[in-house]
>>> print(open('protein.txt').read())   # compact mmCIF, C-alpha atoms
# COMPACT_ATOMS: atom_id res chain seq x y z
CA MET E 27 -3.98 44.55 34.92
CA ALA E 28 -5.96 47.18 33.09
CA HIS E 29 -7.76 45.97 30.04
CA THR E 30 -7.00 47.56 26.73
CA PHE E 31 -9.94 48.78 24.65
CA LEU E 32 -9.57 49.51 20.98
CA ARG E 33 -11.71 49.72 17.90
CA VAL E 34 -10.20 47.96 14.91
CA ARG E 35 -11.04 49.82 11.72
CA THR E 36 -8.94 48.30 8.96
CA LEU E 37 -7.96 44.85 7.82
CA GLN E 38 -4.30 45.71 7.88
CA ALA E 39 -4.43 46.81 11.52
CA ALA E 40 -6.42 43.83 12.78
CA LEU E 41 -4.47 41.27 14.81
CA LEU E 42 -5.85 38.33 16.73
CA LEU E 43 -4.09 37.92 20.09
CA LEU E 44 -3.98 34.17 20.63
CA GLY E 45 -4.70 32.95 24.10
CA GLY E 46 -6.14 36.27 25.20
CA SER E 47 -9.64 37.12 26.39
CA VAL E 48 -11.44 38.13 23.23
CA SER E 49 -15.09 39.08 23.56
CA GLN E 50 -15.33 39.83 19.83
CA ILE E 51 -13.03 39.92 16.86
CA ALA E 52 -13.34 42.83 14.44
CA LEU E 53 -14.78 42.11 11.03
CA ALA E 54 -12.60 43.65 8.35
CA GLN E 55 -14.53 45.83 5.96
CA ALA E 56 -12.47 45.09 2.85
CA SER E 57 -13.61 46.12 -0.58
CA SER E 58 -12.29 42.95 -2.21
CA PRO E 59 -11.86 39.57 -0.47
CA ARG E 60 -8.54 37.94 0.25
CA GLY E 61 -7.34 35.29 -2.17
CA GLY E 62 -9.58 36.24 -5.08
CA TRP E 63 -12.92 35.08 -3.64
CA PRO E 64 -15.45 36.88 -5.85
CA VAL E 65 -18.94 37.84 -4.83
CA THR E 66 -21.14 37.51 -7.90
CA PRO E 67 -23.89 40.02 -8.73
CA ALA E 68 -26.49 37.29 -8.17
CA GLN E 69 -25.07 36.50 -4.73
CA ARG E 70 -24.98 40.16 -3.80
CA ALA E 71 -28.56 40.65 -5.02
CA ALA E 72 -29.79 37.65 -3.02
CA ALA E 73 -27.95 38.88 0.04
CA GLN E 74 -29.32 42.43 -0.39
CA GLN E 75 -32.86 41.08 -0.59
CA ALA E 76 -32.39 38.88 2.49
CA GLY E 77 -30.63 41.73 4.30
CA GLU E 78 -33.61 44.01 3.77
CA ALA E 79 -36.38 41.54 4.57
CA GLY E 80 -34.72 38.76 6.53
CA VAL E 81 -35.27 35.06 5.89
CA PRO E 82 -38.63 33.30 6.38
CA LEU E 83 -38.66 31.19 9.51
CA ALA E 84 -39.66 28.22 7.35
CA ASP E 85 -36.19 28.37 5.73
CA LEU E 86 -34.44 27.90 9.06
CA ARG E 87 -33.12 24.49 10.00
CA ALA E 88 -34.76 22.90 13.03
CA GLY E 89 -32.59 23.44 16.07
CA ALA E 90 -30.74 26.43 14.64
CA PRO E 91 -28.63 27.81 17.51
CA GLU E 92 -29.71 31.05 19.12
CA VAL E 93 -26.06 31.95 19.69
CA TYR E 94 -23.04 30.56 17.86
CA VAL E 95 -19.35 31.40 18.32
CA VAL E 96 -17.29 30.99 15.15
CA LYS E 97 -14.48 28.44 15.56
CA ARG E 98 -11.33 27.55 13.69
CA GLY E 99 -12.14 25.07 10.95
CA ASP E 100 -15.61 26.52 10.30
CA THR E 101 -16.61 27.48 6.78
CA LEU E 102 -19.48 29.62 5.56
CA TRP E 103 -20.92 26.38 4.17
CA SER E 104 -20.86 24.68 7.57
CA ILE E 105 -22.26 27.73 9.39
CA ALA E 106 -25.01 28.12 6.78
CA GLY E 107 -25.84 24.46 7.38
CA LEU E 108 -26.47 25.22 11.05
CA TYR E 109 -29.06 27.87 10.23
CA LEU E 110 -30.50 27.16 6.77
CA GLN E 111 -32.09 24.05 5.35
CA SER E 112 -30.04 24.44 2.16
CA PRO E 113 -26.38 25.26 2.97
CA TRP E 114 -25.63 26.23 -0.63
CA ARG E 115 -27.77 29.30 0.00
CA TRP E 116 -24.96 30.78 2.10
CA PRO E 117 -25.49 34.24 0.53
CA GLN E 118 -28.76 34.36 2.47
CA LEU E 119 -26.82 33.83 5.66
CA TRP E 120 -24.62 36.74 4.63
CA GLY E 121 -27.71 38.79 3.80
CA MET E 122 -29.24 38.09 7.17
CA ASN E 123 -26.27 39.99 8.56
CA MET E 124 -25.41 42.11 5.55
CA GLN E 125 -25.20 45.47 7.24
CA GLU E 126 -22.61 44.13 9.65
CA VAL E 127 -20.85 41.62 7.42
CA GLY E 128 -19.52 43.77 4.59
CA ASN E 129 -17.56 40.88 3.06
CA PRO E 130 -18.90 37.32 3.34
CA HIS E 131 -15.41 35.82 3.02
CA LEU E 132 -13.98 37.69 5.99
CA ILE E 133 -15.64 36.17 9.01
CA TYR E 134 -13.25 35.17 11.77
CA PRO E 135 -12.98 32.75 14.68
CA GLY E 136 -14.20 34.30 17.92
CA GLN E 137 -17.08 36.25 16.41
CA GLN E 138 -20.42 35.57 18.10
CA LEU E 139 -23.59 35.30 16.01
CA GLU E 140 -27.08 35.84 17.44
CA LEU E 141 -30.28 34.66 15.79
CA VAL E 142 -33.12 37.20 15.96
CA ARG E 143 -36.73 36.30 15.07
CA GLU E 144 -39.15 39.14 14.32
CA GLY E 145 -42.45 39.17 12.47
CA GLY E 146 -42.09 35.72 10.95
CA ARG E 147 -38.62 36.54 9.62
CA ALA E 148 -35.13 35.78 10.91
CA ARG E 149 -31.84 37.67 10.85
CA LEU E 150 -28.37 37.12 12.20
CA ARG E 151 -26.42 39.82 13.95
CA MET E 152 -23.10 40.13 15.69
CA ALA E 153 -23.43 39.95 19.46
CA GLY E 154 -22.71 43.20 21.28
CA ARG E 155 -23.50 45.44 18.32
CA GLU E 156 -26.12 47.50 20.15
CA GLY E 157 -25.25 51.16 19.90
CA ALA E 158 -22.53 50.68 17.30
CA ALA E 159 -22.49 53.20 14.49
CA ALA E 160 -23.64 51.97 11.10
CA GLY E 161 -20.81 50.38 9.18
CA GLU E 162 -18.52 50.40 12.24
CA PRO E 163 -16.81 47.20 13.30
CA PRO E 164 -17.46 46.06 16.88
CA THR E 165 -15.37 47.09 19.86
CA VAL E 166 -12.67 44.56 20.71
CA LYS E 167 -11.65 43.94 24.30
CA LEU E 168 -8.17 42.45 24.57
CA GLU E 169 -5.74 41.44 27.24
CA PRO E 170 -2.11 42.08 26.25
CA ARG E 171 -0.31 39.01 24.89
CA THR E 172 2.95 38.64 23.01
CA ARG E 173 1.84 36.01 20.49
CA SER E 174 -0.03 37.38 17.51
CA GLU E 175 -1.23 36.19 14.14
CA ALA E 176 -2.42 38.11 11.09
CA LEU E 177 -6.21 38.19 11.07
CA PRO E 178 -6.62 37.81 7.28
CA ASP E 179 -5.07 34.33 7.48
CA LEU E 180 -7.94 33.25 9.73
CA ALA E 181 -10.76 34.34 7.43
CA LEU E 182 -13.36 31.64 6.83
CA PRO E 183 -13.63 30.17 3.33
CA THR E 184 -17.03 29.31 1.88
CA LEU E 185 -15.94 25.67 1.40
CA ARG E 186 -12.79 24.01 2.70
CA PRO E 187 -10.34 24.02 -0.27
CA GLY E 188 -8.47 20.95 0.97
CA LEU E 189 -11.30 18.73 -0.25
CA ILE E 190 -10.84 19.90 -3.82
CA GLU E 191 -7.21 20.93 -4.25
CA PRO E 192 -5.85 17.35 -4.61
CA PHE E 193 -7.92 17.07 -7.80
CA LEU E 194 -7.14 20.43 -9.39
CA ALA E 195 -4.24 19.18 -11.54
CA GLU E 196 -5.45 15.59 -11.92
CA PRO E 197 -8.43 15.45 -14.27
CA LEU E 198 -7.41 16.78 -17.65
CA VAL E 199 -9.62 16.75 -20.72
CA VAL E 200 -8.07 17.26 -24.15
CA SER E 201 -9.19 16.72 -27.71
CA GLU E 202 -8.25 13.63 -29.68
CA ALA E 203 -6.08 15.83 -31.91
CA GLN E 204 -4.20 17.25 -28.91
CA LEU E 205 -3.50 13.79 -27.56
CA ALA E 206 -2.33 12.58 -30.98
CA GLN E 207 0.25 15.41 -31.02
CA ALA E 208 1.44 14.77 -27.44
CA PRO E 209 5.09 13.67 -26.95
CA ARG E 210 5.78 10.34 -25.27
CA LEU E 211 8.46 8.98 -22.96
CA VAL E 212 10.84 6.61 -24.74
CA GLY E 213 12.91 5.49 -21.74
CA ALA E 214 15.94 6.24 -19.60
CA GLY E 215 19.70 6.30 -20.27
CA ASP E 216 20.18 2.84 -18.79
CA SER E 217 18.17 -0.35 -18.98
CA ARG E 218 15.61 0.68 -16.37
CA VAL E 219 11.99 0.21 -17.34
CA LEU E 220 10.36 2.26 -14.56
CA LEU E 221 11.10 5.91 -13.79
CA THR E 222 10.50 8.01 -10.69
CA ARG E 223 11.30 11.39 -9.16
CA GLY E 224 14.84 12.61 -9.82
CA ASP E 225 15.43 10.42 -12.88
CA ARG E 226 16.59 11.74 -16.24
CA ALA E 227 14.32 10.48 -19.01
CA TYR E 228 13.98 10.98 -22.75
CA ALA E 229 10.95 11.88 -24.83
CA ARG E 230 9.96 12.35 -28.47
CA GLY E 231 7.21 14.32 -30.10
CA PRO E 232 5.54 13.42 -33.40
CA ALA E 233 7.38 14.40 -36.59
CA SER E 234 5.17 17.47 -36.97
CA ALA E 235 5.65 18.68 -33.37
CA PRO E 236 9.05 17.82 -31.86
CA MET E 237 9.78 18.92 -28.29
CA VAL E 238 11.62 22.26 -28.37
CA MET E 239 12.58 24.82 -25.75
CA PRO E 240 10.26 27.84 -25.41
CA GLU E 241 11.41 30.93 -27.27
CA ARG E 242 11.31 33.19 -24.20
CA GLU E 243 11.46 32.43 -20.52
CA GLY E 244 9.13 34.06 -18.04
CA ASN E 245 9.91 35.04 -14.49
CA ASP E 246 9.39 31.42 -13.46
CA ALA E 247 12.21 29.17 -14.64
CA GLY E 248 9.65 26.49 -15.47
CA THR E 249 7.50 28.66 -17.72
CA GLY E 250 6.94 26.79 -20.97
CA ARG E 251 9.23 23.95 -19.92
CA ASP E 252 7.04 22.10 -17.43
CA TRP E 253 4.94 19.17 -18.58
CA VAL E 254 2.55 16.73 -16.95
CA VAL E 255 2.96 13.02 -17.57
CA VAL E 256 -0.38 11.35 -18.32
CA ARG E 257 -1.81 7.93 -19.10
CA GLY E 258 -5.12 6.10 -19.13
CA ALA E 259 -6.79 7.96 -22.00
CA ARG E 260 -10.57 7.52 -21.90
CA ASN E 261 -12.88 8.93 -24.54
CA LEU E 262 -15.85 10.61 -22.86
CA ARG E 263 -19.01 10.42 -24.92
CA ASP E 264 -22.33 12.05 -24.22
CA PRO E 265 -24.74 9.25 -23.28
CA ILE E 266 -27.60 10.97 -25.11
CA SER E 267 -26.04 12.19 -28.38
CA GLY E 268 -23.06 9.82 -28.50
CA GLN E 269 -20.84 12.79 -29.38
CA SER E 270 -17.27 12.79 -28.12
CA LEU E 271 -16.86 15.43 -25.39
CA GLY E 272 -13.10 14.99 -25.07
CA VAL E 273 -10.47 12.56 -23.88
CA GLU E 274 -9.87 12.26 -20.14
CA VAL E 275 -6.34 11.50 -19.02
CA GLN E 276 -4.93 11.03 -15.53
CA MET E 277 -1.85 12.88 -14.37
CA VAL E 278 0.78 10.50 -12.98
CA GLY E 279 3.76 12.86 -12.74
CA ARG E 280 5.50 16.08 -13.73
CA ALA E 281 8.59 16.60 -15.87
CA ARG E 282 10.75 19.53 -16.95
CA LEU E 283 12.31 19.87 -20.39
CA VAL E 284 16.06 20.44 -20.07
CA ARG E 285 17.27 19.76 -23.62
CA GLU E 286 15.17 19.97 -26.74
CA GLU E 287 14.74 17.24 -29.31
CA ALA E 288 17.04 17.05 -32.35
CA ALA E 289 14.52 15.50 -34.69
CA GLN E 290 16.54 16.24 -37.87
CA ALA E 291 19.73 14.59 -36.64
CA SER E 292 20.78 11.21 -38.00
CA PRO E 293 19.82 9.25 -36.05
CA PRO E 294 17.27 11.48 -34.28
CA VAL E 295 18.09 12.48 -30.69
CA PRO E 296 15.16 12.60 -28.22
CA ALA E 297 14.55 15.46 -25.81
CA SER E 298 15.91 15.22 -22.25
CA VAL E 299 13.49 15.69 -19.36
CA ASP E 300 13.93 15.53 -15.60
CA ILE E 301 11.18 13.82 -13.62
CA LEU E 302 10.07 16.34 -10.97
CA SER E 303 7.43 14.18 -9.31
CA ALA E 304 5.75 10.81 -9.79
CA ARG E 305 2.50 9.62 -8.25
CA GLN E 306 3.11 6.26 -9.85
CA GLU E 307 6.19 4.75 -11.46
CA LEU E 308 6.49 6.17 -14.97
CA ARG E 309 7.33 4.12 -18.02
CA ALA E 310 7.96 4.34 -21.74
CA GLY E 311 4.79 5.13 -23.63
CA ASP E 312 3.42 7.58 -21.06
CA GLN E 313 2.51 10.84 -22.80
CA LEU E 314 3.32 14.45 -21.92
CA LEU E 315 1.07 17.50 -22.06
CA PRO E 316 1.98 21.14 -21.35
CA MET E 317 1.51 22.02 -17.70
CA PRO E 318 -1.95 23.62 -17.38
CA PRO E 319 -2.09 27.03 -15.72
CA ARG E 320 -2.65 26.94 -11.98
CA GLN E 321 -6.29 27.34 -11.08
CA PHE E 322 -7.06 30.28 -8.78
CA VAL E 323 -10.78 29.84 -8.44
CA SER E 324 -13.53 30.47 -5.95
CA TYR E 325 -15.27 27.57 -4.30
CA ALA E 326 -18.21 29.76 -3.32
CA PRO E 327 -21.25 27.48 -3.72
CA ARG E 328 -24.08 29.01 -5.74
CA ALA E 329 -26.78 27.99 -8.16
CA PRO E 330 -26.04 28.23 -11.92
CA GLU E 331 -27.10 31.54 -13.40
CA ALA E 332 -29.06 29.74 -16.17
CA PRO E 333 -30.74 26.31 -16.31
CA ILE E 334 -28.45 23.43 -17.30
CA SER E 335 -30.53 21.24 -19.59
CA GLY E 336 -29.77 17.55 -20.03
CA GLY E 337 -27.07 17.38 -17.35
CA LEU E 338 -25.98 13.87 -16.34
CA VAL E 339 -23.26 12.21 -14.33
CA LEU E 340 -21.01 11.11 -17.17
CA ALA E 341 -18.29 9.11 -15.42
CA VAL E 342 -16.67 8.41 -12.09
CA TYR E 343 -13.16 9.82 -11.82
CA GLY E 344 -10.33 7.48 -10.89
CA ASP E 345 -10.60 3.77 -10.27
CA ALA E 346 -13.49 2.02 -11.94
CA VAL E 347 -16.39 1.90 -9.47
CA SER E 348 -20.09 1.96 -10.13
CA THR E 349 -21.14 4.15 -7.20
CA VAL E 350 -19.38 6.94 -5.32
CA GLY E 351 -20.10 8.75 -2.07
CA GLN E 352 -19.46 12.06 -0.36
CA ASN E 353 -16.19 13.90 -1.13
CA GLN E 354 -15.57 11.86 -4.29
CA VAL E 355 -15.30 13.25 -7.81
CA VAL E 356 -17.48 12.68 -10.87
CA ALA E 357 -17.41 13.97 -14.44
CA LEU E 358 -20.45 15.72 -15.91
CA ASN E 359 -21.56 15.84 -19.55
CA LYS E 360 -21.81 19.65 -19.44
CA GLY E 361 -19.02 22.21 -19.26
CA ALA E 362 -18.08 25.86 -19.64
CA ALA E 363 -19.72 26.05 -23.07
CA ASP E 364 -23.00 25.06 -21.40
CA GLY E 365 -22.74 27.69 -18.66
CA LEU E 366 -21.10 25.66 -15.88
CA ALA E 367 -18.38 27.29 -13.81
CA SER E 368 -16.45 26.68 -10.62
CA GLY E 369 -18.74 26.88 -7.59
CA HIS E 370 -21.98 25.92 -9.32
CA VAL E 371 -24.09 23.57 -7.20
CA LEU E 372 -26.46 21.03 -8.74
CA ALA E 373 -28.90 18.58 -7.23
CA ILE E 374 -28.47 14.88 -8.01
CA LEU E 375 -31.65 13.03 -8.97
CA GLN E 376 -31.93 9.26 -8.67
CA GLU E 377 -34.12 7.44 -11.16
CA GLY E 378 -37.14 5.76 -9.57
CA ARG E 379 -37.36 1.98 -9.56
CA ARG E 380 -39.77 0.13 -11.82
CA ILE E 381 -42.24 -1.97 -9.88
CA THR E 382 -45.22 -4.13 -10.73
CA ASP E 383 -48.59 -2.89 -9.55
CA ARG E 384 -51.83 -4.86 -9.65
CA ASP E 385 -55.24 -3.30 -10.11
CA ALA E 386 -58.46 -4.34 -8.35
CA GLN E 387 -58.87 -7.25 -10.76
CA GLY E 388 -55.31 -8.43 -10.14
CA LYS E 389 -54.04 -7.34 -13.56
CA PRO E 390 -50.30 -6.51 -13.37
CA GLN E 391 -48.86 -3.27 -14.71
CA VAL E 392 -45.28 -2.02 -14.62
CA ILE E 393 -44.99 1.52 -13.20
CA ALA E 394 -41.98 3.81 -12.69
CA LEU E 395 -41.54 5.53 -9.34
CA PRO E 396 -40.70 9.26 -9.59
CA GLU E 397 -37.17 10.61 -9.43
CA GLU E 398 -36.00 11.60 -5.98
CA ARG E 399 -33.31 14.03 -4.92
CA ASN E 400 -30.25 12.06 -3.84
CA GLY E 401 -27.77 14.78 -2.89
CA LEU E 402 -25.74 17.76 -4.07
CA LEU E 403 -22.53 18.22 -6.00
CA MET E 404 -20.39 21.27 -6.73
CA VAL E 405 -18.40 21.96 -9.89
CA PHE E 406 -14.75 22.76 -9.22
CA ARG E 407 -13.29 22.57 -12.72
CA ALA E 408 -14.99 23.11 -16.06
CA PHE E 409 -13.55 22.31 -19.48
CA ASP E 410 -15.39 23.21 -22.68
CA HIS E 411 -17.81 20.27 -22.71
CA VAL E 412 -16.96 18.37 -19.53
CA ALA E 413 -16.91 19.47 -15.89
CA TYR E 414 -15.65 17.81 -12.71
CA ALA E 415 -17.63 18.08 -9.50
CA LEU E 416 -17.21 17.15 -5.86
CA VAL E 417 -20.07 15.22 -4.27
CA LEU E 418 -21.06 17.37 -1.29
CA GLU E 419 -23.71 15.05 0.09
CA THR E 420 -25.59 11.94 -1.00
CA ARG E 421 -28.07 9.56 0.57
CA GLN E 422 -27.61 6.39 -1.47
CA GLY E 423 -24.47 7.03 -3.51
CA VAL E 424 -24.06 8.60 -6.95
CA LYS E 425 -23.81 6.55 -10.12
CA VAL E 426 -23.26 7.15 -13.83
CA GLY E 427 -26.47 8.29 -15.51
CA ASP E 428 -27.91 10.13 -12.51
CA ARG E 429 -29.67 13.26 -13.71
CA LEU E 430 -28.78 16.79 -12.59
CA ALA E 431 -31.20 19.57 -11.71
CA PRO E 432 -31.20 23.04 -10.13
CA PRO E 433 -30.50 22.82 -6.39
CA ARG E 434 -33.79 24.40 -5.35
>>> encode(input="protein.txt", output="structure tokens")
Amino acid sequence: MAHTFLRVRTLQAALLLLGGSVSQIALAQASSPRGGWPVTPAQRAAAQQAGEAGVPLADLRAGAPEVYVVKRGDTLWSIAGLYLQSPWRWPQLWGMNMQEVGNPHLIYPGQQLELVREGGRARLRMAGREGAAAGEPPTVKLEPRTRSEALPDLALPTLRPGLIEPFLAEPLVVSEAQLAQAPRLVGAGDSRVLLTRGDRAYARGPASAPMVMPEREGNDAGTGRDWVVVRGARNLRDPISGQSLGVEVQMVGRARLVREEAAQASPPVPASVDILSARQELRAGDQLLPMPPRQFVSYAPRAPEAPISGGLVLAVYGDAVSTVGQNQVVALNKGAADGLASGHVLAILQEGRRITDRDAQGKPQVIALPEERNGLLMVFRAFDHVAYALVLETRQGVKVGDRLAPPR
């Protein structure tokens, strides 16, 4: 059967024929990435610099593959980790191939990367690009197949979102005043003590803020009527200043307001809510907060644009444990007001042990060993004065009080 040759020029036209013989998959040259993945000016500048000069060989990881074929499940973070000693510097990987990779978030399975070393520098390029016009995507050789899948859906993320998404709606930080004004569940219509999904429950707000229906509905039927059910309020205080940074609460369920409260009736009539979901059995006394807006954020790892002074691991999220490991979540004592944002990567420093040293005369003296880098974490949600971060890697576990530093 004759092979079909075509040059794919646009993202919309690009299709990956599953099961076929694909020597290369076209890289879509899109002006803006799918799904709202921004490329910051700092990332673009770093990539431009690396694209012009390449990366010093000293920055390459030992054993970096000469040729690598992108696979399903890869991320830019994981590919950067194959080539660079610091995976969070993924923009440099993009820069090493910047002329061919117009958008760092649109790299696809099947593409073949080649490592080129010249003059003490290193660059990546797409295999088979010799003779291609500048800015042109590579030629794709395909065998006809009937099964197809949209290429944009296969684009590689910088970091796998599934590690973070379970936590996006969980950690909530509010002020003491907000929590004091939060409605509370008062029970069900029968004698049941515990509530779960599908139950009708009743709730009351404080006298100054009864639960009422929103004045106008949006396109979504739940707009203004959806609430999260929370418990376990914990006041987060800065370990240095002692100042309250906010109150952390844990989301245990979701509810929808179906009938507003009649606070002026005699006797008062509570609001009616339907329990939409429950991670634990709900009970009277649990509080309700307005559903926070859904977070559409980039998980593109990068260094903070400005130094974060005095950053510490403030608390461990969830069950009370003293030390956490990779892919667990911690709270930081710095937030959006301090310059932290989603995607910022910070190094974790472990305090050195105190040991007793003896001089030549045998006289003892207590000395402190220096701090050592103990891993990396990445911010995925930032409130005003508190941020939550995912532990990307750690050698000996992360604990409350560990200091934070730039990732360099």
>>> residues_around(input="protein.txt", residues="Gly365 in chain E", least_positions_apart="6", cutoff="12 Å", atoms="only C-alpha atoms", output="list in words")
Ala329, Pro330, Glu331, Ala332, Pro333, Ile334, Ser335, Gly337, Asn359, Val405, Ala408, Phe409, Asp410, His411, Val412 and Ala413 of chain E
>>> atom_distance(input="protein.txt", atom1="CA of Met239 in chain E", atom2="CA of Ala310 in chain E")
21.4 Å
>>> closest_atom_pairs(input="protein.txt", of="range 279-382 of chain E", to="range 203-222 of chain E", cutoff="8 Å", atoms="all atoms listed in the file", output="CSV")
residue,atom,partner,partner_atom,distance
E:Ile301,CA,E:Thr222,CA,6.5
E:Ser303,CA,E:Thr222,CA,7.0
E:Ala304,CA,E:Thr222,CA,5.6
E:Gln306,CA,E:Thr222,CA,7.6
E:Glu307,CA,E:Thr222,CA,5.5
E:Leu308,CA,E:Leu221,CA,4.8
E:Arg309,CA,E:Leu220,CA,5.0
E:Ala310,CA,E:Val212,CA,4.7
E:Gly311,CA,E:Leu211,CA,5.4
E:Asp312,CA,E:Arg210,CA,5.6
E:Gln313,CA,E:Arg210,CA,4.1
E:Leu314,CA,E:Pro209,CA,5.4
E:Leu315,CA,E:Ala208,CA,6.0
>>> write_last_selection(input="protein.txt", atoms="C-alpha atoms", output="PDB file, in the frame of the given file")
ATOM      1  CA  ILE E 301      11.180  13.820 -13.620  1.00  0.00           C
ATOM      2  CA  SER E 303       7.430  14.180  -9.310  1.00  0.00           C
ATOM      3  CA  ALA E 304       5.750  10.810  -9.790  1.00  0.00           C
ATOM      4  CA  GLN E 306       3.110   6.260  -9.850  1.00  0.00           C
ATOM      5  CA  GLU E 307       6.190   4.750 -11.460  1.00  0.00           C
ATOM      6  CA  LEU E 308       6.490   6.170 -14.970  1.00  0.00           C
ATOM      7  CA  ARG E 309       7.330   4.120 -18.020  1.00  0.00           C
ATOM      8  CA  ALA E 310       7.960   4.340 -21.740  1.00  0.00           C
ATOM      9  CA  GLY E 311       4.790   5.130 -23.630  1.00  0.00           C
ATOM     10  CA  ASP E 312       3.420   7.580 -21.060  1.00  0.00           C
ATOM     11  CA  GLN E 313       2.510  10.840 -22.800  1.00  0.00           C
ATOM     12  CA  LEU E 314       3.320  14.450 -21.920  1.00  0.00           C
ATOM     13  CA  LEU E 315       1.070  17.500 -22.060  1.00  0.00           C
TER      14      LEU E 315
END
>>> atom_distance(input="protein.txt", atom1="CA of Val96 in chain E", atom2="CA of Leu141 in chain E")
13.5 Å
>>> atom_distance(input="protein.txt", atom1="CA of Gly80 in chain E", atom2="CA of Tyr109 in chain E")
12.8 Å
>>> residues_near_point(input="protein.txt", point="(-19.2, 9.4, 0.2)", cutoff="12 Å", atoms="all atoms listed in the file", output="PyMOL selection string")
chain E and resi 349-356+401-403+416-425
>>> residues_around(input="protein.txt", residues="Ala259 in chain E", least_positions_apart="2", cutoff="9 Å", atoms="all atoms listed in the file", output="JSON, numbers by chain")
{"E": [205, 256, 257, 261, 273, 274, 275, 276]}
>>> closest_residue(input="protein.txt", among="E:Pro240, E:Gly388, E:Pro396, E:Pro197", to="Gly344 in chain E", atoms="only C-alpha atoms")
E:Pro197
>>> closest_residue(input="protein.txt", among="E:Glu287, E:Val339, E:Ala357, E:Arg384", to="Val426 in chain E", atoms="all atoms listed in the file")
E:Val339
>>> closest_residue(input="protein.txt", among="E:Val284, E:Val278, E:Leu139, E:Ala341", to="Met237 in chain E", atoms="all atoms listed in the file")
E:Val284
>>> residues_around(input="protein.txt", residues="Arg115 in chain E", least_positions_apart="3", cutoff="9 Å", atoms="only C-alpha atoms", output="ChimeraX atom specification")
/E:103,106,110-112,118-119,327-329
>>> closest_residue(input="protein.txt", among="E:Tyr228, E:Ile105, E:Gly146, E:Trp114", to="Leu83 in chain E", atoms="all atoms listed in the file")
E:Gly146
>>> build_atoms(input="protein.txt", residues="range 304-314 of chain E", atoms="N, CA, C and O atoms", output="short mmCIF file (atom, residue, chain, number, x, y, z; two decimals), keeping the file's coordinate frame")
data_model
loop_
_atom_site.label_atom_id
_atom_site.label_comp_id
_atom_site.auth_asym_id
_atom_site.auth_seq_id
_atom_site.Cartn_x
_atom_site.Cartn_y
_atom_site.Cartn_z
N ALA E 304 6.40 12.00 -9.24
CA ALA E 304 5.75 10.81 -9.79
C ALA E 304 4.78 10.25 -8.78
O ALA E 304 5.18 9.86 -7.68
N ARG E 305 3.50 10.22 -9.13
CA ARG E 305 2.50 9.62 -8.25
C ARG E 305 2.48 8.11 -8.42
O ARG E 305 2.00 7.40 -7.54
N GLN E 306 2.91 7.67 -9.58
CA GLN E 306 3.11 6.26 -9.85
C GLN E 306 4.43 6.13 -10.59
O GLN E 306 4.98 7.13 -11.05
N GLU E 307 4.96 4.93 -10.70
CA GLU E 307 6.19 4.75 -11.46
C GLU E 307 5.88 4.99 -12.94
O GLU E 307 4.93 4.44 -13.49
N LEU E 308 6.70 5.82 -13.57
CA LEU E 308 6.49 6.17 -14.97
C LEU E 308 7.20 5.17 -15.86
O LEU E 308 8.16 4.51 -15.46
N ARG E 309 6.75 5.10 -17.11
CA ARG E 309 7.33 4.12 -18.02
C ARG E 309 7.25 4.63 -19.45
O ARG E 309 6.51 5.59 -19.75
N ALA E 310 8.00 3.99 -20.32
CA ALA E 310 7.96 4.34 -21.74
C ALA E 310 6.54 4.18 -22.26
O ALA E 310 5.83 3.22 -21.93
N GLY E 311 6.14 5.13 -23.09
CA GLY E 311 4.79 5.13 -23.63
C GLY E 311 3.88 6.13 -22.94
O GLY E 311 2.86 6.54 -23.52
N ASP E 312 4.19 6.53 -21.70
CA ASP E 312 3.42 7.58 -21.06
C ASP E 312 3.56 8.87 -21.88
O ASP E 312 4.64 9.16 -22.41
N GLN E 313 2.50 9.63 -21.97
CA GLN E 313 2.51 10.84 -22.80
C GLN E 313 2.69 12.09 -21.95
O GLN E 313 2.48 12.07 -20.72
N LEU E 314 3.09 13.18 -22.61
CA LEU E 314 3.32 14.45 -21.92
C LEU E 314 2.43 15.53 -22.53
O LEU E 314 2.27 15.60 -23.75
#
